[in-house]
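What follows is one structure encoded as C-alpha coordinates, with my remarks underneath.
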Amino acid sequence: MKALFILITVFSLSACGPTNNDGSSKLTYSSCKIISSNALFASDRDKDLRQCWNAAGNGYESKGDALQWCEREVNAYLSKEYLFGHTVTYSVESTNCV
(Lines give C-alpha, C1' and ligand atoms only; values in the text may rest on other atoms or scores of the structure.)
Protein backbone atom coordinates (compact mmCIF):
# COMPACT_ATOMS: atom_id res chain seq x y z
CA MET A 1 0.00 0.00 0.00
CA LYS A 2 2.87 2.37 0.82
CA ALA A 3 4.46 1.72 -2.58
CA LEU A 4 1.18 2.54 -4.31
CA PHE A 5 0.92 5.83 -2.41
CA ILE A 6 4.49 6.78 -3.41
CA LEU A 7 3.80 5.90 -7.04
CA ILE A 8 0.63 8.01 -7.12
CA THR A 9 2.48 10.92 -5.50
CA VAL A 10 5.30 10.77 -8.05
CA PHE A 11 2.89 10.75 -10.98
CA SER A 12 0.87 13.60 -9.48
CA LEU A 13 3.92 15.78 -9.00
CA SER A 14 5.26 15.09 -12.48
CA ALA A 15 1.97 16.30 -13.96
CA CYS A 16 2.55 19.68 -12.31
CA GLY A 17 5.86 20.27 -14.09
CA PRO A 18 7.20 23.71 -14.80
CA THR A 19 5.70 24.09 -18.29
CA ASN A 20 3.24 26.51 -19.80
CA ASN A 21 0.22 25.46 -21.85
CA ASP A 22 2.18 26.04 -25.06
CA GLY A 23 4.92 23.62 -23.98
CA SER A 24 7.49 26.28 -23.09
CA SER A 25 9.26 26.14 -19.77
CA LYS A 26 8.16 28.41 -16.93
CA LEU A 27 11.80 28.40 -15.82
CA THR A 28 13.19 30.07 -18.96
CA TYR A 29 12.60 33.16 -21.02
CA SER A 30 11.26 31.82 -24.32
CA SER A 31 10.08 34.87 -26.24
CA CYS A 32 10.69 38.53 -26.92
CA LYS A 33 7.93 40.92 -27.89
CA ILE A 34 7.37 44.60 -28.45
CA ILE A 35 4.87 45.83 -25.88
CA SER A 36 4.64 49.53 -26.80
CA SER A 37 5.57 51.75 -29.72
CA ASN A 38 5.62 55.50 -30.23
CA ALA A 39 5.67 55.30 -34.04
CA LEU A 40 4.13 58.30 -35.75
CA PHE A 41 1.57 56.32 -37.77
CA ALA A 42 -1.03 54.02 -36.23
CA SER A 43 -0.36 51.35 -38.86
CA ASP A 44 3.32 51.28 -37.83
CA ARG A 45 2.40 51.06 -34.16
CA ASP A 46 0.07 48.15 -34.91
CA LYS A 47 2.77 46.40 -36.93
CA ASP A 48 5.29 46.91 -34.13
CA LEU A 49 2.94 45.47 -31.51
CA ARG A 50 2.48 42.31 -33.56
CA GLN A 51 6.22 41.55 -33.44
CA CYS A 52 7.25 38.58 -31.33
CA TRP A 53 10.25 36.25 -31.55
CA ASN A 54 10.71 32.79 -30.03
CA ALA A 55 14.10 31.91 -28.61
CA ALA A 56 15.98 29.05 -30.20
CA GLY A 57 16.17 25.82 -28.23
CA ASN A 58 14.80 25.93 -24.70
CA GLY A 59 15.13 29.67 -24.19
CA TYR A 60 17.29 31.56 -21.70
CA GLU A 61 17.60 30.82 -18.00
CA SER A 62 19.12 34.22 -17.31
CA LYS A 63 16.89 37.26 -17.71
CA GLY A 64 19.95 39.34 -18.56
CA ASP A 65 20.88 37.02 -21.43
CA ALA A 66 17.28 37.00 -22.63
CA LEU A 67 17.11 40.80 -22.61
CA GLN A 68 20.36 41.05 -24.59
CA TRP A 69 19.00 38.63 -27.20
CA CYS A 70 15.69 40.51 -27.26
CA GLU A 71 17.40 43.85 -27.76
CA ARG A 72 19.29 42.44 -30.76
CA GLU A 73 16.04 41.12 -32.28
CA VAL A 74 14.22 44.41 -31.77
CA ASN A 75 17.09 46.52 -33.13
CA ALA A 76 17.39 44.28 -36.20
CA TYR A 77 13.64 44.60 -36.81
CA LEU A 78 13.66 48.40 -36.44
CA SER A 79 16.65 48.89 -38.72
CA LYS A 80 15.11 46.61 -41.36
CA GLU A 81 11.62 48.15 -41.28
CA TYR A 82 12.25 51.85 -40.75
CA LEU A 83 14.56 54.43 -42.27
CA PHE A 84 14.32 56.58 -39.15
CA GLY A 85 13.97 54.89 -35.81
CA HIS A 86 11.39 55.43 -33.16
CA THR A 87 11.15 54.22 -29.60
CA VAL A 88 9.65 50.89 -28.62
CA THR A 89 9.48 49.01 -25.36
CA TYR A 90 9.99 45.26 -25.29
CA SER A 91 9.85 42.44 -22.79
CA VAL A 92 10.88 38.81 -22.43
CA GLU A 93 8.40 36.18 -21.32
CA SER A 94 8.34 32.54 -20.36
CA THR A 95 5.68 31.70 -22.95
CA ASN A 96 6.13 31.26 -26.70
CA CYS A 97 4.72 33.72 -29.21
CA VAL A 98 1.12 33.09 -30.19
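Residue numbering restarts at 1 in every chain; chains get A, B, ... in the order shown in the C-alpha coordinates, and ligands count up from 1 in that same order.
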
Near A:Asp44, counting only C-alpha atoms, which residues have an atom at most 12 Å away, once you skip same-chain residues fewer than 6 positions from it, shown as JSON, numbers by chain?
{"A": [36, 37, 38, 50, 51, 78, 81, 82, 85, 86, 87, 88]}

Kindly save the residues from that selection, with N, CA and C atoms included, as a short mmCIF file (atom, residue, chain, number, x, y, z; two decimals), in the first residue's frame.
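again-v4.cif was written with the following content:
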data_model
loop_
_atom_site.label_atom_id
_atom_site.label_comp_id
_atom_site.auth_asym_id
_atom_site.auth_seq_id
_atom_site.Cartn_x
_atom_site.Cartn_y
_atom_site.Cartn_z
N SER A 36 5.15 48.18 -26.52
CA SER A 36 4.64 49.53 -26.80
C SER A 36 5.50 50.17 -27.89
N SER A 37 4.89 51.08 -28.61
CA SER A 37 5.57 51.75 -29.72
C SER A 37 5.10 53.19 -29.78
N ASN A 38 6.02 54.11 -30.06
CA ASN A 38 5.62 55.50 -30.23
C ASN A 38 5.78 55.93 -31.68
N ARG A 50 2.66 43.70 -33.14
CA ARG A 50 2.48 42.31 -33.56
C ARG A 50 3.80 41.53 -33.61
N GLN A 51 4.91 42.20 -33.34
CA GLN A 51 6.22 41.55 -33.44
C GLN A 51 6.51 40.72 -32.18
N LEU A 78 13.82 46.96 -36.21
CA LEU A 78 13.66 48.40 -36.44
C LEU A 78 14.53 48.89 -37.58
N GLU A 81 12.94 47.64 -40.93
CA GLU A 81 11.62 48.15 -41.28
C GLU A 81 11.54 49.66 -41.46
N TYR A 82 12.40 50.40 -40.77
CA TYR A 82 12.25 51.85 -40.75
C TYR A 82 13.54 52.56 -41.11
N GLY A 85 14.45 55.68 -36.95
CA GLY A 85 13.97 54.89 -35.81
C GLY A 85 12.95 55.63 -34.96
N HIS A 86 12.28 54.89 -34.18
CA HIS A 86 11.39 55.43 -33.16
C HIS A 86 11.56 54.54 -31.92
N THR A 87 10.95 54.93 -30.86
CA THR A 87 11.15 54.22 -29.60
C THR A 87 10.09 53.15 -29.41
N VAL A 88 10.55 51.98 -28.99
CA VAL A 88 9.65 50.89 -28.62
C VAL A 88 10.08 50.36 -27.27
#

Please identify all polymer residues within 10 Å of A:Trp53, counting only C-alpha atoms, omitting same-chain residues fewer than 2 positions from it, and present them as a ChimeraX atom specification.
/A:30-34,51,55-56,70,73-74,92,96-98

A:Leu83, A:Gly64, A:Ser94, A:Gly57 ranked by distance to A:Leu27, top pick (using only C-alpha atoms)
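Smallest distance to A:Leu27 is found for A:Ser94.
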
Just to confirm, what's the straight-line distance from atom CA of A:Ala39 to atom CA of A:Cys52 in Å (one decimal)?
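Atom CA of A:Ala39 sits 17.0 Å away from atom CA of A:Cys52.
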
For A:Asn54, the nearest of the candidates A:Asn75, A:Thr19, A:Ser24, A:Thr89, counting only C-alpha atoms
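Selected residue with least distance to A:Asn54: A:Ser24.
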
Please identify which residues in chain A DSSP calls alpha helix (DSSP H) from the backbone, and express them as an MDAnalysis selection string.
chainID A and resid 2:15 42:49 63:81

For the selection just defined, write its residues with N, CA and C atoms to a file, as a CSV table (one decimal), in the first residue's frame.
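What landed in again_6.csv:
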chain,number,residue,atom,x,y,z
A,2,LYS,N,2.0,1.2,0.8
A,2,LYS,CA,2.9,2.4,0.8
A,2,LYS,C,3.5,2.6,-0.5
A,3,ALA,N,3.9,1.6,-1.3
A,3,ALA,CA,4.5,1.7,-2.6
A,3,ALA,C,3.5,2.4,-3.5
A,4,LEU,N,2.2,2.0,-3.5
A,4,LEU,CA,1.2,2.5,-4.3
A,4,LEU,C,1.0,4.0,-4.0
A,5,PHE,N,1.0,4.4,-2.8
A,5,PHE,CA,0.9,5.8,-2.4
A,5,PHE,C,2.1,6.6,-3.0
A,6,ILE,N,3.3,6.1,-2.9
A,6,ILE,CA,4.5,6.8,-3.4
A,6,ILE,C,4.4,6.9,-4.9
A,7,LEU,N,3.9,5.9,-5.6
A,7,LEU,CA,3.8,5.9,-7.0
A,7,LEU,C,2.8,6.9,-7.5
A,8,ILE,N,1.7,7.0,-6.8
A,8,ILE,CA,0.6,8.0,-7.1
A,8,ILE,C,1.2,9.4,-6.9
A,9,THR,N,1.9,9.6,-5.8
A,9,THR,CA,2.5,10.9,-5.5
A,9,THR,C,3.5,11.4,-6.6
A,10,VAL,N,4.3,10.4,-7.0
A,10,VAL,CA,5.3,10.8,-8.1
A,10,VAL,C,4.6,11.2,-9.3
A,11,PHE,N,3.6,10.4,-9.8
A,11,PHE,CA,2.9,10.8,-11.0
A,11,PHE,C,2.1,12.1,-10.8
A,12,SER,N,1.6,12.3,-9.7
A,12,SER,CA,0.9,13.6,-9.5
A,12,SER,C,1.8,14.8,-9.6
A,13,LEU,N,3.0,14.7,-9.0
A,13,LEU,CA,3.9,15.8,-9.0
A,13,LEU,C,4.5,16.0,-10.4
A,14,SER,N,4.7,14.9,-11.1
A,14,SER,CA,5.3,15.1,-12.5
A,14,SER,C,4.3,15.8,-13.4
A,15,ALA,N,3.0,15.6,-13.1
A,15,ALA,CA,2.0,16.3,-14.0
A,15,ALA,C,2.0,17.8,-13.7
A,42,ALA,N,-0.3,55.1,-36.9
A,42,ALA,CA,-1.0,54.0,-36.2
A,42,ALA,C,-0.7,52.7,-36.9
A,43,SER,N,-0.6,52.6,-38.2
A,43,SER,CA,-0.4,51.4,-38.9
A,43,SER,C,1.0,50.8,-38.5
A,44,ASP,N,2.0,51.7,-38.3
A,44,ASP,CA,3.3,51.3,-37.8
A,44,ASP,C,3.3,50.8,-36.4
A,45,ARG,N,2.5,51.5,-35.6
A,45,ARG,CA,2.4,51.1,-34.2
A,45,ARG,C,1.8,49.7,-34.1
A,46,ASP,N,0.7,49.5,-34.9
A,46,ASP,CA,0.1,48.1,-34.9
A,46,ASP,C,1.0,47.1,-35.4
A,47,LYS,N,1.8,47.4,-36.4
A,47,LYS,CA,2.8,46.4,-36.9
A,47,LYS,C,3.8,46.1,-35.9
A,48,ASP,N,4.3,47.1,-35.2
A,48,ASP,CA,5.3,46.9,-34.1
A,48,ASP,C,4.8,46.0,-33.0
A,49,LEU,N,3.5,46.2,-32.6
A,49,LEU,CA,2.9,45.5,-31.5
A,49,LEU,C,2.6,44.0,-31.9
A,63,LYS,N,17.7,36.2,-17.2
A,63,LYS,CA,16.9,37.3,-17.7
A,63,LYS,C,17.8,38.2,-18.4
A,64,GLY,N,19.0,38.5,-17.9
A,64,GLY,CA,19.9,39.3,-18.6
A,64,GLY,C,20.3,38.9,-20.0
A,65,ASP,N,20.6,37.6,-20.1
A,65,ASP,CA,20.9,37.0,-21.4
A,65,ASP,C,19.7,37.2,-22.4
A,66,ALA,N,18.5,36.9,-21.8
A,66,ALA,CA,17.3,37.0,-22.6
A,66,ALA,C,17.1,38.4,-23.1
A,67,LEU,N,17.3,39.4,-22.2
A,67,LEU,CA,17.1,40.8,-22.6
A,67,LEU,C,18.1,41.2,-23.7
A,68,GLN,N,19.4,40.7,-23.6
A,68,GLN,CA,20.4,41.1,-24.6
A,68,GLN,C,19.9,40.5,-25.9
A,69,TRP,N,19.5,39.2,-26.0
A,69,TRP,CA,19.0,38.6,-27.2
A,69,TRP,C,17.8,39.4,-27.7
A,70,CYS,N,16.9,39.8,-26.9
A,70,CYS,CA,15.7,40.5,-27.3
A,70,CYS,C,16.1,41.9,-27.9
A,71,GLU,N,17.0,42.6,-27.2
A,71,GLU,CA,17.4,43.9,-27.8
A,71,GLU,C,18.0,43.7,-29.2
A,72,ARG,N,18.7,42.7,-29.4
A,72,ARG,CA,19.3,42.4,-30.8
A,72,ARG,C,18.2,42.2,-31.8
A,73,GLU,N,17.2,41.4,-31.4
A,73,GLU,CA,16.0,41.1,-32.3
A,73,GLU,C,15.3,42.4,-32.6
A,74,VAL,N,15.0,43.2,-31.6
A,74,VAL,CA,14.2,44.4,-31.8
A,74,VAL,C,15.0,45.4,-32.6
A,75,ASN,N,16.3,45.6,-32.3
A,75,ASN,CA,17.1,46.5,-33.1
A,75,ASN,C,17.2,46.1,-34.6
A,76,ALA,N,17.3,44.8,-34.8
A,76,ALA,CA,17.4,44.3,-36.2
A,76,ALA,C,16.1,44.6,-36.9
A,77,TYR,N,15.0,44.3,-36.2
A,77,TYR,CA,13.6,44.6,-36.8
A,77,TYR,C,13.5,46.1,-37.2
A,78,LEU,N,13.8,47.0,-36.2
A,78,LEU,CA,13.7,48.4,-36.4
A,78,LEU,C,14.5,48.9,-37.6
A,79,SER,N,15.8,48.4,-37.7
A,79,SER,CA,16.7,48.9,-38.7
A,79,SER,C,16.2,48.3,-40.1
A,80,LYS,N,15.6,47.2,-40.1
A,80,LYS,CA,15.1,46.6,-41.4
A,80,LYS,C,13.8,47.3,-41.8
A,81,GLU,N,12.9,47.6,-40.9
A,81,GLU,CA,11.6,48.1,-41.3
A,81,GLU,C,11.5,49.7,-41.5

One decimal, in Å: what's the spacing between atom CA of A:Asn20 and atom CA of A:Thr95?
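Taking atom CA of A:Asn20 as the start and atom CA of A:Thr95 as the end point, the length is 6.5 Å.
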
Within chain A, find each residue whose DSSP state, derived from the backbone, is strand (DSSP E or B), and express the selection as a list in words.
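Secondary structure check on chain A, strand (DSSP E or B): Thr19, Ser25, Tyr29, Ser31, Cys32, Lys33, Ile34, Ile35, Ser36, Ser37, Cys52, Trp53, Asn54, Tyr60, Val88, Thr89, Tyr90, Ser91, Val92 and Glu93 of chain A.
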